[in-house]
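Okay, upload.cif now, which holds mmCIF, C-alpha atoms:
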data_run
#
loop_
_atom_site.group_PDB
_atom_site.id
_atom_site.type_symbol
_atom_site.label_atom_id
_atom_site.label_comp_id
_atom_site.auth_asym_id
_atom_site.auth_seq_id
_atom_site.Cartn_x
_atom_site.Cartn_y
_atom_site.Cartn_z
ATOM 1 C CA MET A 1 118.012 132.206 30.774
ATOM 2 C CA ASP A 2 115.596 135.060 30.100
ATOM 3 C CA ILE A 3 116.090 136.230 26.514
ATOM 4 C CA ASP A 4 115.016 139.740 27.487
ATOM 5 C CA GLN A 5 118.081 140.206 29.638
ATOM 6 C CA PRO A 6 121.032 141.801 27.870
ATOM 7 C CA LEU A 7 123.463 139.371 29.558
ATOM 8 C CA SER A 8 121.933 136.524 27.554
ATOM 9 C CA ARG A 9 123.670 137.840 24.444
ATOM 10 C CA LYS A 10 127.395 138.391 23.801
ATOM 11 C CA PRO A 11 129.037 141.556 22.421
ATOM 12 C CA VAL A 12 130.131 141.293 18.804
ATOM 13 C CA ASP A 13 133.612 139.816 18.336
ATOM 14 C CA GLY A 14 135.910 139.623 15.311
ATOM 15 C CA ARG A 15 134.326 136.438 13.979
ATOM 16 C CA ALA A 16 130.834 137.926 14.105
ATOM 17 C CA ALA A 17 132.037 141.147 12.468
ATOM 18 C CA LEU A 18 133.601 139.224 9.570
ATOM 19 C CA LEU A 19 130.434 137.184 9.081
ATOM 20 C CA MET A 20 128.366 140.370 9.086
ATOM 21 C CA VAL A 21 130.476 141.882 6.289
ATOM 22 C CA GLY A 22 129.743 138.820 4.160
ATOM 23 C CA LEU A 23 126.055 138.902 5.045
ATOM 24 C CA CYS A 24 125.803 142.593 4.224
ATOM 25 C CA ALA A 25 127.335 142.020 0.796
ATOM 26 C CA ILE A 26 124.856 139.204 0.096
ATOM 27 C CA TRP A 27 121.859 141.198 1.321
ATOM 28 C CA GLY A 28 122.980 144.267 -0.584
ATOM 29 C CA MET A 29 123.147 142.237 -3.783
ATOM 30 C CA GLN A 30 119.656 140.770 -3.621
ATOM 31 C CA GLN A 31 117.761 143.845 -4.861
ATOM 32 C CA THR A 32 120.110 144.083 -7.838
ATOM 33 C CA ALA A 33 119.661 140.373 -8.629
ATOM 34 C CA LEU A 34 115.864 140.639 -8.466
ATOM 35 C CA LYS A 35 115.756 143.819 -10.537
ATOM 36 C CA ALA A 36 118.164 142.517 -13.182
ATOM 37 C CA ALA A 37 116.134 139.344 -13.754
ATOM 38 C CA ALA A 38 112.716 141.048 -13.533
ATOM 39 C CA PRO A 39 112.187 141.120 -17.350
ATOM 40 C CA ASP A 40 112.533 137.313 -17.341
ATOM 41 C CA MET A 41 110.512 136.569 -14.200
ATOM 42 C CA ALA A 42 108.476 138.752 -11.844
ATOM 43 C CA PRO A 43 110.366 139.493 -8.590
ATOM 44 C CA VAL A 44 107.503 138.106 -6.484
ATOM 45 C CA LEU A 45 107.628 134.805 -8.367
ATOM 46 C CA GLN A 46 111.430 134.729 -8.120
ATOM 47 C CA ILE A 47 111.201 135.054 -4.347
ATOM 48 C CA SER A 48 108.480 132.409 -4.089
ATOM 49 C CA LEU A 49 110.405 129.871 -6.159
ATOM 50 C CA ARG A 50 113.730 130.514 -4.447
ATOM 51 C CA SER A 51 112.039 130.108 -1.062
ATOM 52 C CA GLY A 52 110.356 126.854 -2.071
ATOM 53 C CA ILE A 53 113.569 125.328 -3.410
ATOM 54 C CA ALA A 54 115.549 126.433 -0.368
ATOM 55 C CA ALA A 55 112.813 125.105 1.955
ATOM 56 C CA LEU A 56 113.401 121.585 0.589
ATOM 57 C CA PHE A 57 117.080 121.764 1.530
ATOM 58 C CA ILE A 58 116.360 123.265 4.943
ATOM 59 C CA ALA A 59 113.674 120.658 5.686
ATOM 60 C CA ALA A 60 116.182 117.906 4.886
ATOM 61 C CA LEU A 61 118.709 119.607 7.168
ATOM 62 C CA VAL A 62 116.163 119.822 10.008
ATOM 63 C CA PHE A 63 115.436 116.108 9.892
ATOM 64 C CA MET A 64 119.080 115.099 9.340
ATOM 65 C CA ARG A 65 119.954 116.979 12.530
ATOM 66 C CA LYS A 66 116.912 115.481 14.264
ATOM 67 C CA GLU A 67 115.587 118.960 15.024
ATOM 68 C CA GLY A 68 112.030 118.138 13.983
ATOM 69 C CA HIS A 69 110.956 118.164 17.635
ATOM 70 C CA ALA A 70 111.249 121.963 17.551
ATOM 71 C CA LEU A 71 108.423 122.053 15.022
ATOM 72 C CA ARG A 72 106.195 120.373 17.605
ATOM 73 C CA GLY A 73 107.449 122.272 20.650
ATOM 74 C CA GLY A 74 104.873 125.034 20.650
ATOM 75 C CA THR A 75 106.684 127.062 18.020
ATOM 76 C CA TRP A 76 104.078 126.770 15.297
ATOM 77 C CA LYS A 77 102.180 129.953 16.243
ATOM 78 C CA ALA A 78 105.342 132.034 16.198
ATOM 79 C CA GLY A 79 106.355 130.141 13.061
ATOM 80 C CA LEU A 80 103.181 131.195 11.272
ATOM 81 C CA ALA A 81 103.803 134.817 12.314
ATOM 82 C CA ILE A 82 107.438 134.672 11.190
ATOM 83 C CA GLY A 83 106.440 133.150 7.865
ATOM 84 C CA ALA A 84 103.724 135.754 7.239
ATOM 85 C CA LEU A 85 106.018 138.666 8.155
ATOM 86 C CA PHE A 86 108.805 137.306 5.983
ATOM 87 C CA ALA A 87 106.397 137.008 3.060
ATOM 88 C CA LEU A 88 105.145 140.546 3.707
ATOM 89 C CA GLU A 89 108.695 141.907 3.720
ATOM 90 C CA TYR A 90 109.462 140.338 0.368
ATOM 91 C CA LEU A 91 106.082 141.243 -1.053
ATOM 92 C CA PHE A 92 106.883 144.898 -0.414
ATOM 93 C CA MET A 93 110.370 144.441 -1.848
ATOM 94 C CA GLY A 94 109.304 142.541 -4.949
ATOM 95 C CA GLU A 95 106.441 144.872 -5.788
ATOM 96 C CA GLY A 96 108.450 147.943 -4.855
ATOM 97 C CA LEU A 97 111.153 147.074 -7.367
ATOM 98 C CA ARG A 98 108.562 147.469 -10.114
ATOM 99 C CA PHE A 99 108.451 151.185 -9.312
ATOM 100 C CA THR A 100 111.803 152.195 -7.856
ATOM 101 C CA SER A 101 115.478 151.397 -8.333
ATOM 102 C CA ALA A 102 117.511 148.732 -6.556
ATOM 103 C CA SER A 103 119.583 151.546 -5.000
ATOM 104 C CA HIS A 104 116.522 153.165 -3.453
ATOM 105 C CA MET A 105 115.207 149.818 -2.213
ATOM 106 C CA GLY A 106 118.617 149.092 -0.736
ATOM 107 C CA ILE A 107 118.361 152.159 1.495
ATOM 108 C CA PHE A 108 114.715 152.046 2.523
ATOM 109 C CA LEU A 109 114.611 148.316 3.254
ATOM 110 C CA TYR A 110 117.386 148.685 5.804
ATOM 111 C CA THR A 111 115.460 151.055 7.993
ATOM 112 C CA ALA A 112 114.619 147.776 9.773
ATOM 113 C CA PRO A 113 116.932 148.472 12.782
ATOM 114 C CA ILE A 114 114.947 151.656 13.452
ATOM 115 C CA PHE A 115 111.698 149.693 13.730
ATOM 116 C CA THR A 116 113.378 147.013 15.832
ATOM 117 C CA ALA A 117 114.714 149.639 18.244
ATOM 118 C CA LEU A 118 111.275 151.231 18.564
ATOM 119 C CA GLY A 119 109.739 147.845 19.350
ATOM 120 C CA LEU A 120 112.369 147.072 21.975
ATOM 121 C CA HIS A 121 111.828 150.497 23.541
ATOM 122 C CA PHE A 122 108.238 149.618 24.409
ATOM 123 C CA ARG A 123 108.925 146.001 25.347
ATOM 124 C CA VAL A 124 112.240 145.839 27.224
ATOM 125 C CA PRO A 125 112.978 148.399 29.994
ATOM 126 C CA GLU A 126 116.742 147.880 29.601
ATOM 127 C CA GLU A 127 116.552 148.863 25.939
ATOM 128 C CA ARG A 128 114.625 152.103 26.158
ATOM 129 C CA LEU A 129 115.765 154.666 23.640
ATOM 130 C CA SER A 130 118.113 157.403 24.795
ATOM 131 C CA PRO A 131 117.852 161.027 23.609
ATOM 132 C CA LEU A 132 120.708 160.330 21.165
ATOM 133 C CA GLN A 133 118.797 157.388 19.725
ATOM 134 C CA TRP A 134 115.648 159.473 19.339
ATOM 135 C CA LEU A 135 117.807 161.957 17.454
ATOM 136 C CA GLY A 136 118.923 159.095 15.237
ATOM 137 C CA ILE A 137 115.321 158.114 14.523
ATOM 138 C CA ALA A 138 114.481 161.713 13.663
ATOM 139 C CA ALA A 139 117.517 161.875 11.346
ATOM 140 C CA ALA A 140 116.575 158.612 9.630
ATOM 141 C CA PHE A 141 113.002 159.588 8.922
ATOM 142 C CA GLY A 142 114.122 163.103 8.010
ATOM 143 C CA GLY A 143 116.414 161.435 5.472
ATOM 144 C CA VAL A 144 113.474 159.469 4.121
ATOM 145 C CA ALA A 145 111.565 162.716 3.624
ATOM 146 C CA VAL A 146 114.533 164.338 1.866
ATOM 147 C CA SER A 147 114.940 161.295 -0.401
ATOM 148 C CA PHE A 148 111.286 161.509 -1.393
ATOM 149 C CA LEU A 149 111.957 165.007 -2.715
ATOM 150 C CA GLY A 150 114.397 163.604 -5.264
ATOM 151 C CA GLY A 151 113.680 162.601 -8.827
ATOM 152 C CA GLY A 152 113.333 158.931 -8.033
ATOM 153 C CA ALA A 153 114.322 155.902 -10.031
ATOM 154 C CA ASP A 154 115.514 155.928 -13.601
ATOM 155 C CA GLY A 155 113.196 154.989 -16.420
ATOM 156 C CA PRO A 156 109.682 155.723 -17.636
ATOM 157 C CA ARG A 157 108.078 155.152 -14.221
ATOM 158 C CA ARG A 158 110.194 157.859 -12.590
ATOM 159 C CA ASP A 159 107.114 159.758 -11.388
ATOM 160 C CA SER A 160 105.895 156.654 -9.532
ATOM 161 C CA ALA A 161 109.167 155.935 -7.733
ATOM 162 C CA TRP A 162 107.748 157.181 -4.436
ATOM 163 C CA ILE A 163 105.406 154.163 -4.418
ATOM 164 C CA GLY A 164 108.335 151.770 -4.532
ATOM 165 C CA ASP A 165 110.230 153.808 -1.952
ATOM 166 C CA LEU A 166 107.261 153.635 0.404
ATOM 167 C CA MET A 167 107.065 149.874 -0.118
ATOM 168 C CA GLY A 168 110.755 149.693 0.781
ATOM 169 C CA ILE A 169 109.987 151.317 4.127
ATOM 170 C CA GLY A 170 107.123 148.846 4.592
ATOM 171 C CA ALA A 171 109.571 146.004 3.932
ATOM 172 C CA GLY A 172 111.900 147.447 6.575
ATOM 173 C CA ALA A 173 109.048 147.587 9.093
ATOM 174 C CA ALA A 174 108.135 143.967 8.359
ATOM 175 C CA TRP A 175 111.752 142.900 8.813
ATOM 176 C CA GLY A 176 111.926 144.748 12.126
ATOM 177 C CA ALA A 177 108.724 143.006 13.258
ATOM 178 C CA THR A 178 110.230 139.651 12.272
ATOM 179 C CA THR A 179 113.269 140.280 14.467
ATOM 180 C CA LEU A 180 111.047 141.229 17.414
ATOM 181 C CA THR A 181 108.817 138.184 16.945
ATOM 182 C CA LEU A 182 111.857 135.941 16.928
ATOM 183 C CA ARG A 183 113.265 137.500 20.068
ATOM 184 C CA PHE A 184 110.072 137.347 22.131
ATOM 185 C CA SER A 185 108.827 133.900 21.153
ATOM 186 C CA ARG A 186 109.853 130.297 21.661
ATOM 187 C CA LEU A 187 111.634 130.470 18.345
ATOM 188 C CA SER A 188 114.427 132.371 20.100
ATOM 189 C CA GLN A 189 115.511 129.026 21.566
ATOM 190 C CA ALA A 190 114.787 126.957 18.455
ATOM 191 C CA PRO A 191 117.473 125.883 15.963
ATOM 192 C CA SER A 192 118.105 128.480 13.268
ATOM 193 C CA SER A 193 117.205 125.889 10.634
ATOM 194 C CA VAL A 194 113.670 125.625 12.054
ATOM 195 C CA THR A 195 113.212 129.402 12.071
ATOM 196 C CA THR A 196 114.473 129.570 8.505
ATOM 197 C CA LEU A 197 112.121 126.783 7.411
ATOM 198 C CA TYR A 198 109.082 128.633 8.772
ATOM 199 C CA GLN A 199 110.127 131.765 6.896
ATOM 200 C CA LEU A 200 110.805 130.045 3.614
ATOM 201 C CA LEU A 201 107.531 128.117 3.673
ATOM 202 C CA GLY A 202 105.610 131.308 4.415
ATOM 203 C CA ALA A 203 107.229 133.143 1.497
ATOM 204 C CA PHE A 204 106.809 130.204 -0.874
ATOM 205 C CA VAL A 205 103.112 129.691 -0.195
ATOM 206 C CA LEU A 206 101.896 133.266 0.239
ATOM 207 C CA LEU A 207 103.949 134.876 -2.521
ATOM 208 C CA GLY A 208 103.241 131.974 -4.867
ATOM 209 C CA LEU A 209 99.508 132.465 -4.374
ATOM 210 C CA LEU A 210 99.907 136.196 -4.913
ATOM 211 C CA ALA A 211 101.884 135.705 -8.129
ATOM 212 C CA ALA A 212 99.252 133.312 -9.462
ATOM 213 C CA GLY A 213 96.387 135.579 -8.423
ATOM 214 C CA THR A 214 97.879 138.674 -10.061
ATOM 215 C CA GLY A 215 99.063 136.994 -13.248
ATOM 216 C CA GLN A 216 102.781 137.417 -12.470
ATOM 217 C CA THR A 217 103.663 133.896 -13.585
ATOM 218 C CA TYR A 218 105.622 134.645 -16.750
ATOM 219 C CA ALA A 219 109.047 133.049 -17.074
ATOM 220 C CA ARG A 220 111.670 133.271 -19.835
ATOM 221 C CA PRO A 221 114.663 130.985 -19.309
ATOM 222 C CA THR A 222 117.872 132.995 -19.686
ATOM 223 C CA VAL A 223 121.419 132.765 -18.381
ATOM 224 C CA LEU A 224 120.858 135.906 -16.310
ATOM 225 C CA LEU A 225 117.764 134.446 -14.667
ATOM 226 C CA GLY A 226 119.626 131.204 -13.925
ATOM 227 C CA VAL A 227 122.550 132.998 -12.300
ATOM 228 C CA SER A 228 120.177 135.207 -10.319
ATOM 229 C CA MET A 229 118.181 132.228 -9.022
ATOM 230 C CA VAL A 230 121.298 130.284 -8.021
ATOM 231 C CA PHE A 231 122.531 133.301 -6.063
ATOM 232 C CA GLN A 232 119.136 133.812 -4.427
ATOM 233 C CA VAL A 233 118.625 130.167 -3.453
ATOM 234 C CA VAL A 234 122.131 129.322 -2.262
ATOM 235 C CA PHE A 235 123.296 132.583 -0.741
ATOM 236 C CA MET A 236 120.142 134.525 0.136
ATOM 237 C CA SER A 237 117.718 131.815 1.208
ATOM 238 C CA LEU A 238 120.132 129.259 2.622
ATOM 239 C CA ILE A 239 123.459 130.605 3.791
ATOM 240 C CA SER A 240 122.532 134.135 4.868
ATOM 241 C CA LEU A 241 119.395 133.229 6.805
ATOM 242 C CA LEU A 242 121.028 130.359 8.690
ATOM 243 C CA VAL A 243 124.021 132.510 9.628
ATOM 244 C CA TRP A 244 121.894 135.534 10.577
ATOM 245 C CA PHE A 245 119.565 133.710 12.939
ATOM 246 C CA GLY A 246 122.475 131.809 14.377
ATOM 247 C CA LEU A 247 124.141 135.137 15.176
ATOM 248 C CA LEU A 248 120.956 136.563 16.692
ATOM 249 C CA ARG A 249 120.836 133.790 19.270
ATOM 250 C CA VAL A 250 124.441 134.378 20.350
ATOM 251 C CA TYR A 251 125.153 138.098 19.987
ATOM 252 C CA LEU A 252 123.367 141.289 20.982
ATOM 253 C CA ALA A 253 120.889 142.189 18.241
ATOM 254 C CA SER A 254 121.508 145.913 18.677
ATOM 255 C CA ARG A 255 125.236 145.492 18.061
ATOM 256 C CA LEU A 256 124.681 143.303 15.040
ATOM 257 C CA GLY A 257 122.386 146.057 13.809
ATOM 258 C CA VAL A 258 125.290 148.508 13.882
ATOM 259 C CA LEU A 259 127.226 146.356 11.450
ATOM 260 C CA SER A 260 124.206 145.815 9.210
ATOM 261 C CA PHE A 261 124.372 149.490 8.183
ATOM 262 C CA MET A 262 126.952 148.359 5.621
ATOM 263 C CA THR A 263 124.206 146.584 3.662
ATOM 264 C CA PRO A 264 122.641 149.725 2.141
ATOM 265 C CA LEU A 265 126.094 150.808 1.015
ATOM 266 C CA PHE A 266 126.565 147.508 -0.797
ATOM 267 C CA GLY A 267 123.037 147.801 -2.210
ATOM 268 C CA VAL A 268 123.664 151.239 -3.687
ATOM 269 C CA LEU A 269 127.102 150.194 -4.973
ATOM 270 C CA PHE A 270 125.759 147.125 -6.782
ATOM 271 C CA GLY A 271 122.824 149.088 -8.217
ATOM 272 C CA VAL A 272 125.102 151.769 -9.634
ATOM 273 C CA VAL A 273 127.878 149.473 -10.884
ATOM 274 C CA LEU A 274 125.845 146.533 -12.198
ATOM 275 C CA LEU A 275 122.603 148.200 -13.275
ATOM 276 C CA GLY A 276 123.920 151.628 -14.186
ATOM 277 C CA GLU A 277 121.468 153.404 -11.872
ATOM 278 C CA ARG A 278 121.919 157.129 -11.356
ATOM 279 C CA LEU A 279 121.682 158.819 -7.970
ATOM 280 C CA ASP A 280 120.218 162.311 -7.631
ATOM 281 C CA ALA A 281 121.470 164.782 -5.042
ATOM 282 C CA ALA A 282 118.352 164.614 -2.866
ATOM 283 C CA PHE A 283 118.555 160.838 -2.623
ATOM 284 C CA ILE A 284 122.255 160.908 -1.732
ATOM 285 C CA ALA A 285 121.639 163.503 1.009
ATOM 286 C CA GLY A 286 118.646 161.584 2.349
ATOM 287 C CA ALA A 287 120.480 158.260 2.248
ATOM 288 C CA LEU A 288 123.353 159.713 4.289
ATOM 289 C CA MET A 289 120.853 160.974 6.868
ATOM 290 C CA VAL A 290 119.195 157.554 7.040
ATOM 291 C CA LEU A 291 122.543 155.804 7.500
ATOM 292 C CA ALA A 292 123.592 158.304 10.178
ATOM 293 C CA GLY A 293 120.299 157.745 11.979
ATOM 294 C CA ILE A 294 120.689 153.968 11.871
ATOM 295 C CA LEU A 295 124.218 154.277 13.212
ATOM 296 C CA LEU A 296 123.082 156.501 16.103
ATOM 297 C CA VAL A 297 120.231 154.148 17.030
ATOM 298 C CA SER A 298 122.108 150.882 16.676
ATOM 299 C CA GLY A 299 125.471 152.125 17.915
ATOM 300 C CA HIS A 300 124.245 153.683 21.147
ATOM 301 C CA GLU A 301 125.089 150.645 23.274
ATOM 302 C CA ILE A 302 128.603 150.456 21.914
ATOM 303 C CA PHE A 303 129.175 154.178 22.479
ATOM 304 C CA LYS A 304 127.841 153.886 26.032
ATOM 305 C CA ALA A 305 129.930 150.796 26.796
ATOM 306 C CA ARG A 306 133.101 152.477 25.556
ATOM 307 C CA LYS A 307 132.365 155.569 27.644
ATOM 308 C CA ALA A 308 131.841 153.395 30.730
ATOM 309 C CA ARG A 309 135.122 151.540 30.095
ATOM 310 C CA ARG A 310 137.007 154.842 29.758
ATOM 311 C CA ALA A 311 135.466 156.117 32.993
ATOM 312 C CA GLN A 312 136.423 152.895 34.765
ATOM 313 C CA THR A 313 139.997 153.186 33.499
ATOM 314 C CA VAL A 314 140.241 156.734 34.848
ATOM 315 C CA LEU A 315 138.975 155.583 38.265
ATOM 316 C CA ILE A 316 141.481 152.737 38.395
ATOM 317 C CA ASP A 317 144.427 154.718 37.072
ATOM 318 C CA PRO A 318 143.709 158.467 37.407
ATOM 319 C CA ALA A 319 147.301 159.248 36.406
#
Encoded form (structure tokens):
Amino acid sequence: MDIDQPLSRKPVDGRAALLMVGLCAIWGMQQTALKAAAPDMAPVLQISLRSGIAALFIAALVFMRKEGHALRGGTWKAGLAIGALFALEYLFMGEGLRFTSASHMGIFLYTAPIFTALGLHFRVPEERLSPLQWLGIAAAFGGVAVSFLGGGADGPRRDSAWIGDLMGIGAGAAWGATTLTLRFSRLSQAPSSVTTLYQLLGAFVLLGLLAAGTGQTYARPTVLLGVSMVFQVVFMSLISLLVWFGLLRVYLASRLGVLSFMTPLFGVLFGVVLLGERLDAAFIAGALMVLAGILLVSGHEIFKARKARRAQTVLIDPA
């Protein structure tokens, strides 16, 4: 079945919605976990190590399930691209957290559905953007501009927060490119464990080299760092990635994207509650515009489908 055809994916059901709530909570927590443990280990090194450890478990899973053939089935080129994009996403996130708050990163990272929608617009005729979706894109990037007018992150590097915010947008673009690469490559038919393995290996190798090359190899064993790493390895790098790519092969990506808008809300909540971050008025206004834009872009299909169902009901039973 052609993966470009919308009929090859199912609408989101209750099971998928429940899984997405859990995923959004996990994803929203990761910036807070990285930021909290940053004094004990650089975020880039945290991501590299968590990816390497998780890759060992995923590799064992691949061979236990006898899915190793997928690594030889012409997927290696797409796998290299997926791994590089995944590393780029987390490079932007890890470095960005040195300048901005976890709350800010939580909003800007999840502009990813906007970039995915733009890519689909130029690649798939059935997924061209509607005027309402273009309005959503304008609202999202208008929100980014408004957020940049705010005071930025707390702390002594407040005047440099825009650098981290910009890196957050770069991370969102890299994530969107990862989703597109998965959809339009042979990896779309590969087991989710294989896709995850490519990503983890890419992040482990590339970010590890970067950490070593930039001197970000310090580590101070603490309870906080241990808890953060367990969360990142088990939940972020293992459970969430396997579930996410499993969902992408079954359900419509655009409809999953609608539910993913909860992630920034969790990200801001965890940043405020656990790290004591403060939110200025400009950031709050901009974040609401970004979330509204994401909802308009990602929710267009659902709105259109509901309108069509209502019209059909009227035709069948005009009374």
Counting only C-alpha atoms, which residues in range 61-169 of chain A sit no more than 10 Å from range 256-265 of chain A? For each one, give the nearest pair of atoms and the distance in Å, sorted by chain then residue number, as a Markdown table.
| residue | atom | partner | partner_atom | distance |
| --- | --- | --- | --- | --- |
| A:Ser103 | CA | A:Pro264 | CA | 8.0 |
| A:His104 | CA | A:Pro264 | CA | 9.0 |
| A:Met105 | CA | A:Pro264 | CA | 8.6 |
| A:Gly106 | CA | A:Pro264 | CA | 5.0 |
| A:Ile107 | CA | A:Pro264 | CA | 5.0 |
| A:Phe108 | CA | A:Pro264 | CA | 8.3 |
| A:Leu109 | CA | A:Pro264 | CA | 8.2 |
| A:Tyr110 | CA | A:Pro264 | CA | 6.5 |
| A:Thr111 | CA | A:Phe261 | CA | 9.1 |
| A:Ala112 | CA | A:Gly257 | CA | 8.9 |
| A:Pro113 | CA | A:Gly257 | CA | 6.1 |
| A:Ile114 | CA | A:Gly257 | CA | 9.3 |
| A:Thr116 | CA | A:Gly257 | CA | 9.3 |
| A:Ala117 | CA | A:Gly257 | CA | 9.6 |
For a test of reading the model, state the distance in Å between CA of Gln189 in chain A and CA of Leu80 in chain A, rounded to one decimal.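 Pair CA of Gln189 in chain A / CA of Leu80 in chain A returns 16.2 Å.
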Nearest residue to Leu88 in chain A out of A:Val272, A:Leu291, A:Ala55, A:Leu210, using only C-alpha atoms?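 Of the candidates, the smallest distance to Leu88 in chain A is held by A:Leu210.
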Hey, can you pull every residue with an atom no more than 12 Å from (123.0, 134.1, -6.0), using all atoms listed in the file, and send it as number ranges by chain? A: 25-34, 37, 46-47, 50, 224-240
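For the set A:Ile53, A:Ala84, A:Val62, A:Val290, the residue with the smallest atom-to-atom gap to Ala145 in chain A is A:Val290, counting all atoms listed in the file.
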Å distance separating CA of Ala17 in chain A from CA of Gly246 in chain A, one decimal place: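 Separation of CA of Ala17 in chain A and CA of Gly246 in chain A: 13.5 Å.
In terms of minimum interatomic distance to Leu91 in chain A, A:Met167 ranks closest within A:Ala140, A:Leu118, A:Ala70, A:Met167, counting all atoms listed in the file.
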Which of these residues is nearest to Glu95 in chain A, using all atoms listed in the file: A:Val44, A:Val194, A:Leu207, A:Ala36?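 Ranked by minimum distance to Glu95 in chain A, first place goes to A:Val44.
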Two-atom distance - CA of Gly142 in chain A, CA of Ala281 in chain A (Å): 15.1 Å
Give me, as a list in words, all polymer residues having an atom no more than 12 Å from Ala211 in chain A, counting all atoms listed in the file and skipping those fewer than 4 positions away in the same chain. Met41, Ala42, Pro43, Val44, Leu45, Gln46, Ile47, Ser48, Leu49, Leu91, Gly94, Glu95, Ala203, Phe204, Val205, Leu206, Leu207, Gly215, Gln216, Thr217, Tyr218 and Ala219 of chain A
Among the residues A:Trp175, A:Phe57, A:Tyr90, A:Phe270, the one that comes closest to Ala102 in chain A [using all atoms listed in the file]: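 Closest candidate: A:Phe270.
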